[in-house]
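Asker: Take a look at input.tsv, TSV, C-alpha atoms:
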```tsv
chain	number	residue	atom	x	y	z
A	72	MET	CA	-26.20	-17.55	17.18
A	73	ASN	CA	-27.26	-14.20	15.75
A	74	LYS	CA	-27.39	-13.02	12.18
A	75	ILE	CA	-25.93	-9.74	11.04
A	76	GLN	CA	-28.69	-7.75	9.35
A	77	ASN	CA	-27.43	-6.20	6.15
A	78	GLN	CA	-29.70	-3.72	4.37
A	79	THR	CA	-28.07	-3.42	0.97
A	80	ARG	CA	-29.38	-2.65	-2.47
A	81	PRO	CA	-30.59	-5.65	-4.53
A	82	VAL	CA	-27.96	-7.54	-6.53
A	83	PHE	CA	-28.67	-8.81	-10.04
A	84	PRO	CA	-29.21	-12.60	-9.78
A	85	PHE	CA	-26.35	-14.80	-11.02
A	86	THR	CA	-28.73	-17.24	-12.75
A	87	ALA	CA	-30.27	-14.37	-14.76
A	88	ILE	CA	-26.96	-13.51	-16.45
A	89	VAL	CA	-27.09	-14.41	-20.14
A	90	GLY	CA	-23.99	-15.80	-21.87
A	91	GLN	CA	-20.39	-15.34	-20.65
A	92	GLU	CA	-20.27	-19.04	-19.70
A	93	GLU	CA	-16.47	-19.11	-19.41
A	94	MET	CA	-16.41	-16.35	-16.80
A	95	LYS	CA	-19.29	-17.88	-14.84
A	96	LEU	CA	-17.64	-21.32	-14.80
A	97	ALA	CA	-14.30	-19.90	-13.60
A	98	LEU	CA	-16.02	-18.06	-10.73
A	99	LEU	CA	-18.09	-21.10	-9.72
A	100	LEU	CA	-15.04	-23.38	-9.61
A	101	ASN	CA	-13.13	-20.85	-7.49
A	102	VAL	CA	-15.87	-20.61	-4.88
A	103	ILE	CA	-16.08	-24.42	-4.78
A	104	ASP	CA	-12.30	-24.63	-4.27
A	105	PRO	CA	-10.68	-21.27	-3.36
A	106	LYS	CA	-7.25	-22.97	-3.52
A	107	ILE	CA	-7.50	-22.88	-7.32
A	108	GLY	CA	-5.98	-19.44	-6.89
A	109	GLY	CA	-8.49	-16.91	-8.19
A	110	VAL	CA	-9.39	-15.79	-11.68
A	111	MET	CA	-8.30	-13.04	-14.02
A	112	ILE	CA	-11.10	-11.86	-16.31
A	113	MET	CA	-10.03	-9.92	-19.38
A	114	GLY	CA	-12.56	-8.51	-21.81
A	115	ASP	CA	-14.27	-5.60	-23.46
A	116	ARG	CA	-15.90	-2.79	-21.50
A	117	GLY	CA	-19.56	-3.25	-20.64
A	118	THR	CA	-19.59	-7.04	-20.80
A	119	GLY	CA	-20.92	-7.58	-17.27
A	120	LYS	CA	-17.67	-8.41	-15.45
A	121	SER	CA	-18.47	-6.47	-12.26
A	122	THR	CA	-22.14	-7.50	-12.31
A	123	THR	CA	-21.25	-11.19	-12.53
A	124	ILE	CA	-18.67	-11.02	-9.74
A	125	ARG	CA	-21.09	-9.26	-7.37
A	126	ALA	CA	-23.80	-11.73	-8.33
A	127	ILE	CA	-21.69	-14.81	-7.40
A	128	ALA	CA	-20.84	-13.27	-4.00
A	129	ASP	CA	-24.52	-12.56	-3.29
A	130	LEU	CA	-25.47	-16.12	-4.30
A	131	LEU	CA	-23.20	-17.85	-1.78
A	132	PRO	CA	-24.62	-19.16	1.53
A	133	ASP	CA	-24.06	-17.18	4.74
A	134	ILE	CA	-20.94	-18.05	6.72
A	135	GLU	CA	-20.59	-18.55	10.48
A	136	VAL	CA	-18.06	-16.18	12.05
A	137	VAL	CA	-16.85	-15.41	15.57
A	138	ALA	CA	-18.82	-12.42	16.87
A	139	ASP	CA	-16.98	-9.08	17.17
A	140	ASP	CA	-13.88	-10.48	15.44
A	141	LEU	CA	-12.06	-8.20	13.01
A	142	PHE	CA	-11.06	-11.04	10.67
A	143	ASN	CA	-14.30	-13.03	10.08
A	144	SER	CA	-12.69	-15.91	12.00
A	145	HIS	CA	-14.08	-19.41	11.59
A	146	PRO	CA	-15.27	-20.83	14.95
A	147	SER	CA	-13.55	-24.22	14.49
A	148	ASN	CA	-11.11	-24.17	11.52
A	149	PHE	CA	-7.68	-23.09	12.83
A	150	ASP	CA	-6.52	-22.05	9.33
A	151	LEU	CA	-9.31	-19.49	9.13
A	152	MET	CA	-9.18	-17.95	12.61
A	153	SER	CA	-7.13	-15.20	14.20
A	154	ASP	CA	-4.50	-15.86	16.88
A	155	ASP	CA	-6.73	-14.26	19.56
A	156	VAL	CA	-9.59	-16.64	18.79
A	157	LYS	CA	-7.17	-19.60	18.80
A	158	LYS	CA	-5.95	-18.64	22.29
A	159	LYS	CA	-9.53	-18.48	23.59
A	160	ILE	CA	-10.32	-21.93	22.18
A	161	GLU	CA	-7.07	-23.37	23.60
A	162	GLN	CA	-8.18	-22.00	27.00
A	163	SER	CA	-11.49	-23.89	26.58
A	164	MET	CA	-13.43	-20.68	26.03
A	165	GLN	CA	-16.24	-21.02	23.49
A	166	PRO	CA	-16.61	-17.81	21.48
A	167	SER	CA	-20.09	-16.67	20.47
A	168	THR	CA	-20.83	-16.77	16.74
A	169	THR	CA	-23.01	-15.02	14.21
A	170	LEU	CA	-23.97	-15.45	10.56
A	171	MET	CA	-22.96	-12.98	7.87
A	172	LYS	CA	-23.03	-12.78	4.11
A	173	VAL	CA	-19.85	-13.77	2.30
A	174	PRO	CA	-17.75	-10.56	2.23
A	175	MET	CA	-17.34	-8.95	-1.18
A	176	ILE	CA	-14.51	-6.42	-0.99
A	177	ASP	CA	-13.59	-3.96	-3.75
A	178	LEU	CA	-10.00	-2.76	-3.96
A	179	PRO	CA	-9.95	0.77	-5.44
A	180	LEU	CA	-7.18	1.61	-7.90
A	181	GLY	CA	-5.78	4.37	-5.69
A	182	ALA	CA	-5.45	2.16	-2.59
A	183	THR	CA	-2.24	2.36	-0.58
A	184	GLU	CA	-0.33	-0.53	1.01
A	185	ASP	CA	-1.63	0.53	4.46
A	186	ARG	CA	-5.23	0.49	3.20
A	187	LEU	CA	-4.69	-2.99	1.80
A	188	CYS	CA	-2.67	-4.61	4.59
A	189	GLY	CA	-3.73	-2.62	7.65
A	190	THR	CA	-1.69	-0.48	10.04
A	191	ILE	CA	-0.13	-0.86	13.48
A	192	ASP	CA	-0.44	2.02	15.97
A	193	ILE	CA	3.26	2.39	16.80
A	194	GLU	CA	2.67	5.11	19.42
A	195	LYS	CA	0.25	2.97	21.45
A	196	ALA	CA	2.55	-0.04	21.12
A	197	LEU	CA	5.58	1.87	22.43
A	198	ASN	CA	3.82	3.89	25.15
A	199	GLU	CA	1.29	1.36	26.44
A	200	GLY	CA	2.78	-1.94	25.26
A	201	ILE	CA	-0.46	-2.80	23.43
A	202	LYS	CA	-0.57	-4.15	19.90
A	203	SER	CA	-3.23	-1.93	18.30
A	204	PHE	CA	-4.08	-2.95	14.74
A	205	GLU	CA	-6.33	-1.19	12.26
A	206	PRO	CA	-7.37	-3.91	9.81
A	207	GLY	CA	-7.10	-3.36	6.07
A	208	LEU	CA	-9.00	-4.79	3.14
A	209	LEU	CA	-7.14	-8.13	3.37
A	210	ALA	CA	-8.62	-8.65	6.85
A	211	LYS	CA	-12.13	-7.77	5.73
A	212	ALA	CA	-11.85	-10.12	2.72
A	213	ASN	CA	-11.02	-13.21	4.80
A	214	ARG	CA	-13.37	-16.08	3.76
A	215	GLY	CA	-14.81	-13.93	0.99
A	216	ILE	CA	-14.09	-12.47	-2.43
A	217	LEU	CA	-11.63	-9.66	-3.11
A	218	TYR	CA	-12.32	-7.93	-6.40
A	219	VAL	CA	-9.86	-5.68	-8.23
A	220	ASP	CA	-11.25	-3.91	-11.28
A	221	GLU	CA	-8.63	-2.78	-13.81
A	222	VAL	CA	-6.04	-4.93	-12.02
A	223	ASN	CA	-3.69	-4.40	-14.97
A	224	LEU	CA	-3.48	-0.72	-13.94
A	225	LEU	CA	-2.76	-1.51	-10.27
A	226	ASP	CA	0.78	-1.02	-8.95
A	227	ASP	CA	2.77	-4.26	-9.38
A	228	HIS	CA	3.86	-4.14	-5.72
A	229	LEU	CA	0.22	-4.23	-4.53
A	230	VAL	CA	-0.64	-7.03	-6.98
A	231	ASP	CA	2.29	-9.00	-5.53
A	232	ILE	CA	0.95	-8.52	-1.95
A	233	LEU	CA	-2.52	-9.62	-3.07
A	234	LEU	CA	-1.21	-12.75	-4.74
A	235	ASP	CA	1.03	-13.65	-1.78
A	236	SER	CA	-1.90	-13.40	0.65
A	237	ALA	CA	-4.24	-15.29	-1.67
A	238	ALA	CA	-1.70	-18.11	-2.00
A	239	SER	CA	-0.66	-18.39	1.67
A	240	GLY	CA	-3.98	-17.51	3.31
A	241	TRP	CA	-2.21	-15.14	5.74
A	242	ASN	CA	-1.26	-11.47	5.85
A	243	THR	CA	1.65	-10.26	7.96
A	244	VAL	CA	2.14	-6.59	8.86
A	245	GLU	CA	5.49	-5.48	10.29
A	246	ARG	CA	6.33	-2.00	11.54
A	247	GLU	CA	9.32	-0.97	13.67
A	248	GLY	CA	10.00	-4.51	14.87
A	249	ILE	CA	6.32	-5.14	15.76
A	250	SER	CA	4.60	-7.90	13.82
A	251	ILE	CA	0.93	-8.85	13.51
A	252	ARG	CA	-0.49	-11.58	11.33
A	253	HIS	CA	-4.04	-12.60	10.55
A	254	PRO	CA	-5.88	-15.05	8.28
A	255	SER	CA	-6.62	-13.78	4.79
A	256	ARG	CA	-8.08	-16.63	2.75
A	257	PHE	CA	-10.12	-15.23	-0.13
A	258	VAL	CA	-10.95	-15.75	-3.79
A	259	LEU	CA	-9.01	-13.14	-5.74
A	260	VAL	CA	-10.83	-11.88	-8.82
A	261	GLY	CA	-9.18	-9.40	-11.13
A	262	SER	CA	-10.67	-7.87	-14.24
A	263	GLY	CA	-9.35	-5.63	-16.94
A	264	ASN	CA	-9.51	-4.47	-20.52
A	265	PRO	CA	-6.61	-5.77	-22.65
A	266	GLU	CA	-6.56	-2.45	-24.55
A	267	GLU	CA	-5.29	-0.79	-21.36
A	268	GLY	CA	-2.29	-3.10	-20.99
A	269	GLU	CA	-1.47	-6.58	-19.72
A	270	LEU	CA	-0.17	-7.77	-16.37
A	271	ARG	CA	3.46	-8.80	-16.22
A	272	PRO	CA	3.72	-12.54	-17.12
A	273	GLN	CA	5.14	-13.50	-13.71
A	274	LEU	CA	2.12	-11.90	-11.99
A	275	LEU	CA	-0.40	-13.24	-14.49
A	276	ASP	CA	0.96	-16.77	-14.00
A	277	ARG	CA	-0.01	-16.65	-10.31
A	278	PHE	CA	-3.72	-16.30	-11.06
A	279	GLY	CA	-5.24	-19.78	-11.08
A	280	MET	CA	-7.51	-19.16	-14.06
A	281	HIS	CA	-7.81	-16.70	-16.93
A	282	ALA	CA	-11.19	-16.08	-18.56
A	283	GLU	CA	-11.57	-14.11	-21.77
A	284	ILE	CA	-14.91	-12.53	-22.55
A	285	ARG	CA	-16.13	-10.72	-25.61
A	286	THR	CA	-19.11	-8.50	-26.42
A	287	VAL	CA	-22.09	-10.65	-27.43
A	288	LYS	CA	-22.63	-10.41	-31.21
A	289	ASP	CA	-25.89	-12.38	-31.54
A	290	PRO	CA	-28.71	-9.78	-31.85
A	291	LYS	CA	-31.26	-12.07	-30.11
A	292	LEU	CA	-28.94	-12.59	-27.12
A	293	ARG	CA	-28.27	-8.84	-26.93
A	294	VAL	CA	-32.01	-8.16	-26.82
A	295	GLU	CA	-32.42	-10.80	-24.08
A	296	ILE	CA	-29.62	-9.24	-22.00
A	297	VAL	CA	-31.10	-5.73	-22.35
A	298	GLU	CA	-34.58	-7.03	-21.44
A	299	GLN	CA	-33.29	-8.82	-18.32
A	300	ARG	CA	-31.45	-5.74	-17.14
A	301	THR	CA	-34.41	-3.44	-17.86
A	302	GLN	CA	-36.78	-5.68	-15.88
A	303	PHE	CA	-34.36	-5.77	-12.93
A	304	ASP	CA	-33.88	-1.99	-12.91
A	305	PHE	CA	-37.65	-1.39	-13.12
A	306	ASP	CA	-38.67	-3.88	-10.41
A	307	PRO	CA	-35.74	-5.63	-8.63
A	308	LYS	CA	-37.99	-7.54	-6.19
A	309	LYS	CA	-40.07	-9.06	-8.98
A	310	CYS	CA	-36.92	-10.09	-10.89
A	311	LEU	CA	-35.34	-11.63	-7.78
A	312	LYS	CA	-38.53	-13.54	-7.05
A	313	ALA	CA	-38.64	-14.88	-10.62
A	314	PHE	CA	-35.14	-16.31	-10.27
A	315	GLN	CA	-35.36	-17.34	-6.59
A	316	GLU	CA	-35.82	-21.05	-7.32
A	317	LYS	CA	-32.90	-21.17	-9.78
A	318	GLN	CA	-30.74	-19.26	-7.29
A	319	GLU	CA	-31.56	-21.70	-4.48
A	320	ASP	CA	-30.90	-24.71	-6.76
A	321	LEU	CA	-27.49	-23.36	-7.76
A	322	LYS	CA	-26.64	-22.49	-4.13
A	323	SER	CA	-27.45	-26.08	-3.10
A	324	LYS	CA	-25.35	-27.41	-5.97
A	325	ILE	CA	-22.36	-25.33	-4.83
A	326	ILE	CA	-22.73	-26.50	-1.21
A	327	ARG	CA	-22.91	-30.17	-2.31
A	328	ALA	CA	-19.83	-29.70	-4.52
A	329	GLN	CA	-17.87	-28.14	-1.61
A	330	GLN	CA	-18.79	-31.07	0.62
A	331	LYS	CA	-17.95	-33.62	-2.07
A	332	LEU	CA	-14.64	-32.06	-3.19
A	333	ALA	CA	-12.32	-33.81	-0.71
A	334	ASN	CA	-13.45	-37.25	-1.91
A	335	ILE	CA	-13.09	-36.67	-5.66
A	336	VAL	CA	-10.38	-38.82	-7.23
A	337	ILE	CA	-8.44	-38.41	-10.45
A	338	ASP	CA	-6.79	-41.36	-12.18
A	339	ASP	CA	-3.00	-41.38	-12.55
A	340	ILE	CA	-3.35	-41.78	-16.32
A	341	LEU	CA	-5.29	-38.50	-16.50
A	342	ARG	CA	-2.73	-36.77	-14.27
A	343	VAL	CA	-0.02	-37.82	-16.70
A	344	LYS	CA	-2.10	-36.53	-19.64
A	345	ILE	CA	-2.47	-33.13	-17.94
A	346	SER	CA	1.28	-32.91	-17.38
A	347	GLU	CA	1.91	-34.02	-20.97
A	348	VAL	CA	-0.25	-31.14	-22.23
A	349	CYS	CA	1.64	-28.66	-20.00
A	350	ALA	CA	5.02	-29.98	-21.16
A	351	THR	CA	4.02	-29.87	-24.84
A	352	LEU	CA	2.88	-26.26	-24.46
A	353	ASP	CA	6.22	-25.47	-22.75
A	354	VAL	CA	4.48	-24.09	-19.65
A	355	ASP	CA	7.02	-22.84	-17.09
A	356	GLY	CA	6.85	-24.37	-13.62
A	357	LEU	CA	4.20	-26.69	-12.22
A	358	ARG	CA	1.41	-24.23	-11.38
A	359	GLY	CA	-0.43	-25.18	-14.57
A	360	ASP	CA	-0.42	-28.88	-13.65
A	361	ILE	CA	-1.54	-28.22	-10.06
A	362	VAL	CA	-4.34	-25.79	-10.95
A	363	THR	CA	-5.71	-28.01	-13.75
A	364	ASN	CA	-5.88	-30.99	-11.38
A	365	ARG	CA	-7.70	-28.86	-8.76
A	366	ALA	CA	-10.09	-27.31	-11.28
A	367	ALA	CA	-10.95	-30.69	-12.84
A	368	LYS	CA	-11.80	-32.07	-9.38
A	369	ALA	CA	-13.94	-29.01	-8.60
A	370	PHE	CA	-15.78	-29.37	-11.91
A	371	ALA	CA	-16.37	-33.09	-11.29
A	372	ALA	CA	-17.76	-32.26	-7.83
A	373	TYR	CA	-19.98	-29.57	-9.38
A	374	GLN	CA	-21.33	-32.20	-11.80
A	375	GLY	CA	-22.05	-34.54	-8.89
A	376	LYS	CA	-19.45	-37.14	-9.96
A	377	GLU	CA	-17.17	-39.27	-7.80
A	378	GLU	CA	-14.22	-39.31	-10.21
A	379	VAL	CA	-12.70	-36.95	-12.78
A	380	ASP	CA	-13.11	-37.99	-16.41
A	381	ILE	CA	-11.52	-36.71	-19.61
A	382	ASN	CA	-14.39	-34.33	-20.38
A	383	ASP	CA	-13.98	-32.60	-17.00
A	384	ILE	CA	-10.36	-31.86	-17.90
A	385	LYS	CA	-11.34	-30.56	-21.34
A	386	GLN	CA	-13.86	-28.16	-19.80
A	387	VAL	CA	-11.31	-26.48	-17.51
A	388	ILE	CA	-7.83	-26.86	-19.01
A	389	THR	CA	-7.96	-23.84	-21.34
A	390	LEU	CA	-8.99	-21.61	-18.42
A	391	CYS	CA	-6.03	-22.92	-16.42
A	392	LEU	CA	-3.30	-22.72	-19.09
A	393	ARG	CA	-3.98	-20.01	-21.69
A	394	HIS	CA	-2.27	-17.25	-19.65
A	395	ARG	CA	0.82	-19.38	-18.93
A	396	LEU	CA	2.01	-19.70	-22.54
A	397	ARG	CA	5.05	-17.78	-23.67
A	398	LYS	CA	4.15	-14.84	-25.91
A	399	ASP	CA	5.49	-15.02	-29.45
A	400	PRO	CA	5.03	-11.69	-31.28
A	401	LEU	CA	5.13	-13.51	-34.64
A	402	ASP	CA	2.47	-16.05	-33.64
A	403	ASN	CA	-1.00	-15.28	-34.99
A	404	ILE	CA	-2.72	-18.11	-33.08
A	405	ASP	CA	-4.69	-17.16	-29.98
A	406	SER	CA	-3.27	-18.80	-26.83
A	407	GLY	CA	-6.62	-20.42	-26.03
A	408	THR	CA	-6.77	-21.95	-29.50
A	409	LYS	CA	-3.23	-23.24	-29.12
A	410	VAL	CA	-4.16	-24.98	-25.82
A	411	LYS	CA	-7.21	-26.58	-27.47
A	412	GLN	CA	-5.14	-27.87	-30.39
A	413	VAL	CA	-2.65	-29.58	-28.07
A	414	VAL	CA	-5.43	-30.96	-25.86
A	415	ASP	CA	-7.19	-32.39	-28.94
A	416	THR	CA	-4.00	-34.14	-29.96
A	417	ILE	CA	-3.08	-35.57	-26.54
A	418	LEU	CA	-6.51	-36.32	-25.07
A	419	GLY	CA	-8.11	-37.33	-28.36
A	420	MET	CA	-11.59	-36.35	-29.54
A	421	SER	CA	-12.36	-32.71	-30.26
A	422	PHE	CA	-13.93	-30.24	-27.85
```
As structure tokens, please, write out the structure in this file.

Answerer:
Amino acid sequence: MNKIQNQTRPVFPFTAIVGQEEMKLALLLNVIDPKIGGVMIMGDRGTGKSTTIRAIADLLPDIEVVADDLFNSHPSNFDLMSDDVKKKIEQSMQPSTTLMKVPMIDLPLGATEDRLCGTIDIEKALNEGIKSFEPGLLAKANRGILYVDEVNLLDDHLVDILLDSAASGWNTVEREGISIRHPSRFVLVGSGNPEEGELRPQLLDRFGMHAEIRTVKDPKLRVEIVEQRTQFDFDPKKCLKAFQEKQEDLKSKIIRAQQKLANIVIDDILRVKISEVCATLDVDGLRGDIVTNRAAKAFAAYQGKEEVDINDIKQVITLCLRHRLRKDPLDNIDSGTKVKQVVDTILGMSF
């Protein structure tokens, strides 16, 4: 098995990022369990959104992929491999594999549907009878992270395609009666500035989590952040070496949590409490219940536990529900505060 050599510029270490705990937690839980459904990060400009997202992708362990495959196919998991690779395996052919870093794909604001989904060469298909497919960003993002900065400015149609692929794990391209599908399982991360507009509620609801970040006000923390960044810019290798041990520890913790996740249990009483919170907040649909259960299990696995407890739920439930509340223009209470108030009442004990 070979390893793809990737000479890229140094990435600021995730463990060196000061503050913004809510955003970091949401990203960690999504890489532990991608089925949480991604995270929407809303906050002020210059608060480290892009830096943090690139840092989590760089932190993750290398993945094993089928060599020369356009879709980063998994060598044994049928849900994460292309149809061509499946056929080879069904014919008892063992594809060669290689290691690569977890893909981190940026979706530019001006991207077209063809750039996102990929295109079929109709001329070659009609003249030669060959399905020729030029993969888009959804193919390249399979088993990785797809990041959309200023997602609130992206065309709603493209956001819908992104969310459909993230939820189903597949992308289907159809042109002139010719259809091609490929795996597209990724963690969708969107970021934006609320001053530039919000996503439509029905699109926002489909993001698993919603993190809100603010500019750090504490002067000492601001100085620490500036110092960390200055040191990294001046000597990236020295900074990376200083945080290497912390990075490796966190990477190991993530791997253990991923392995442990399937065996984490949550008591029926706690499931009922989660649903009671959702019902009291008048959350539409059941996405809030499902995501909170998933996120609580991921957090318990991250903590090295065998079973979800009430504190695990408290840590994640605001992230999972704040963006699902109905907007009341006359209501002065922040949606996150409203979730916390209801959780305090139903689960007992304050945060």

Asker: Quick one: everything within 12 Å of A:Asn148, counting all atoms listed in the file, minus sequence neighbours fewer than 3 positions away in the same chain. Send it as an MDAnalysis selection string.

Answerer: chainID A and resid 135:137 143:145 151:154 156:157 160 214 254 256

Asker: Got a sec: who's within 7 Å of A:Ile384, counting all atoms listed in the file, leaving out chain neighbours fewer than 4 positions off, as a list in words?

Answerer: Ala367, Asp380 and Ile388 of chain A

Asker: Keeping only C-alpha atoms, write those residues as a short mmCIF file (atom, residue, chain, number, x, y, z; two decimals), in the frame of the given file.

Answerer:
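Done, and the output landed in again.cif:
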```
data_model
loop_
_atom_site.label_atom_id
_atom_site.label_comp_id
_atom_site.auth_asym_id
_atom_site.auth_seq_id
_atom_site.Cartn_x
_atom_site.Cartn_y
_atom_site.Cartn_z
CA ALA A 367 -10.95 -30.69 -12.84
CA ASP A 380 -13.11 -37.99 -16.41
CA ILE A 388 -7.83 -26.86 -19.01
#
```

Asker: Taking into account all atoms listed in the file, which residue in the set A:His228, A:Arg277, A:Lys385, A:Lys211 is nearest to A:Val348?

Answerer: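 Ranking A:His228, A:Arg277, A:Lys385, A:Lys211 by distance to A:Val348, first place goes to A:Lys385.
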
Asker: Name the closest residue to A:Asp235 among the candidates A:Ala366, A:Val260, A:Leu274, A:Leu180; distances are taken between atoms, counting all atoms listed in the file.

Answerer: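 Nearest to A:Asp235: A:Leu274.
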
Asker: So that I can see what lies close to A:Glu92, please list as a PyMOL selection string the residues with an atom at most 12 Å from it, counting all atoms listed in the file and leaving out residues fewer than 2 positions away in the same chain.

Answerer: chain A and resi 85-86+88-90+94-99+119-120+123+282-285+287+386-387+390

Asker: Would you please work out which residue, of A:Ser255, A:Ile325, A:Thr351, A:Ile345, is nearest to A:Asp383 when using all atoms listed in the file?

Answerer: A:Ile345

Asker: Measuring between only C-alpha atoms, which one of A:Leu418, A:Met280, A:Ala237, A:Ile134 shows the shortest distance to A:Val362?

Answerer: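 Looking only at the distances to A:Val362, the closest residue turns out to be A:Met280.
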
Asker: Residues near A:Glu316, anyone? I mean within 12 Å using all atoms listed in the file, not counting same-chain ones fewer than 4 positions away, as a CSV table (one decimal) with C-alpha atoms, in the coordinates of the input.

Answerer:
```
chain,number,residue,atom,x,y,z
A,84,PRO,CA,-29.2,-12.6,-9.8
A,85,PHE,CA,-26.4,-14.8,-11.0
A,86,THR,CA,-28.7,-17.2,-12.8
A,87,ALA,CA,-30.3,-14.4,-14.8
A,130,LEU,CA,-25.5,-16.1,-4.3
A,310,CYS,CA,-36.9,-10.1,-10.9
A,311,LEU,CA,-35.3,-11.6,-7.8
A,312,LYS,CA,-38.5,-13.5,-7.0
A,320,ASP,CA,-30.9,-24.7,-6.8
A,321,LEU,CA,-27.5,-23.4,-7.8
A,322,LYS,CA,-26.6,-22.5,-4.1
A,323,SER,CA,-27.4,-26.1,-3.1
```

Asker: For A:Asp276, please output as a PyMOL selection string all residues within 12 Å (counting all atoms listed in the file; exclusion window: fewer than 3 positions along the same chain).

Answerer: chain A and resi 108-111+231+234+269-273+279-281+354-359+362+390-397

Asker: With C-alpha atoms retained, export the selected residues as a tab-separated table (two decimals), keeping the file's coordinate frame.

Answerer:
```
chain	number	residue	atom	x	y	z
A	108	GLY	CA	-5.98	-19.44	-6.89
A	109	GLY	CA	-8.49	-16.91	-8.19
A	110	VAL	CA	-9.39	-15.79	-11.68
A	111	MET	CA	-8.30	-13.04	-14.02
A	231	ASP	CA	2.29	-9.00	-5.53
A	234	LEU	CA	-1.21	-12.75	-4.74
A	269	GLU	CA	-1.47	-6.58	-19.72
A	270	LEU	CA	-0.17	-7.77	-16.37
A	271	ARG	CA	3.46	-8.80	-16.22
A	272	PRO	CA	3.72	-12.54	-17.12
A	273	GLN	CA	5.14	-13.50	-13.71
A	279	GLY	CA	-5.24	-19.78	-11.08
A	280	MET	CA	-7.51	-19.16	-14.06
A	281	HIS	CA	-7.81	-16.70	-16.93
A	354	VAL	CA	4.48	-24.09	-19.65
A	355	ASP	CA	7.02	-22.84	-17.09
A	356	GLY	CA	6.85	-24.37	-13.62
A	357	LEU	CA	4.20	-26.69	-12.22
A	358	ARG	CA	1.41	-24.23	-11.38
A	359	GLY	CA	-0.43	-25.18	-14.57
A	362	VAL	CA	-4.34	-25.79	-10.95
A	390	LEU	CA	-8.99	-21.61	-18.42
A	391	CYS	CA	-6.03	-22.92	-16.42
A	392	LEU	CA	-3.30	-22.72	-19.09
A	393	ARG	CA	-3.98	-20.01	-21.69
A	394	HIS	CA	-2.27	-17.25	-19.65
A	395	ARG	CA	0.82	-19.38	-18.93
A	396	LEU	CA	2.01	-19.70	-22.54
A	397	ARG	CA	5.05	-17.78	-23.67
```

Asker: Would you please work out which residue, of A:Pro105, A:Gly215, A:Pro146, A:Pro166, is nearest to A:Pro132 when using all atoms listed in the file?

Answerer: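 Ranked by minimum distance to A:Pro132, first place goes to A:Gly215.
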
Asker: In file coordinates, which residues lie within 6 Å of (-9.3, -4.0, -3.4) using only C-alpha atoms, given as an MDAnalysis selection string?

Answerer: chainID A and resid 177:179 218:219

Asker: When you draw a straight line from atom CA of A:Ile124 to atom CA of A:Thr389, how long is it in Å?

Answerer: 20.3 Å
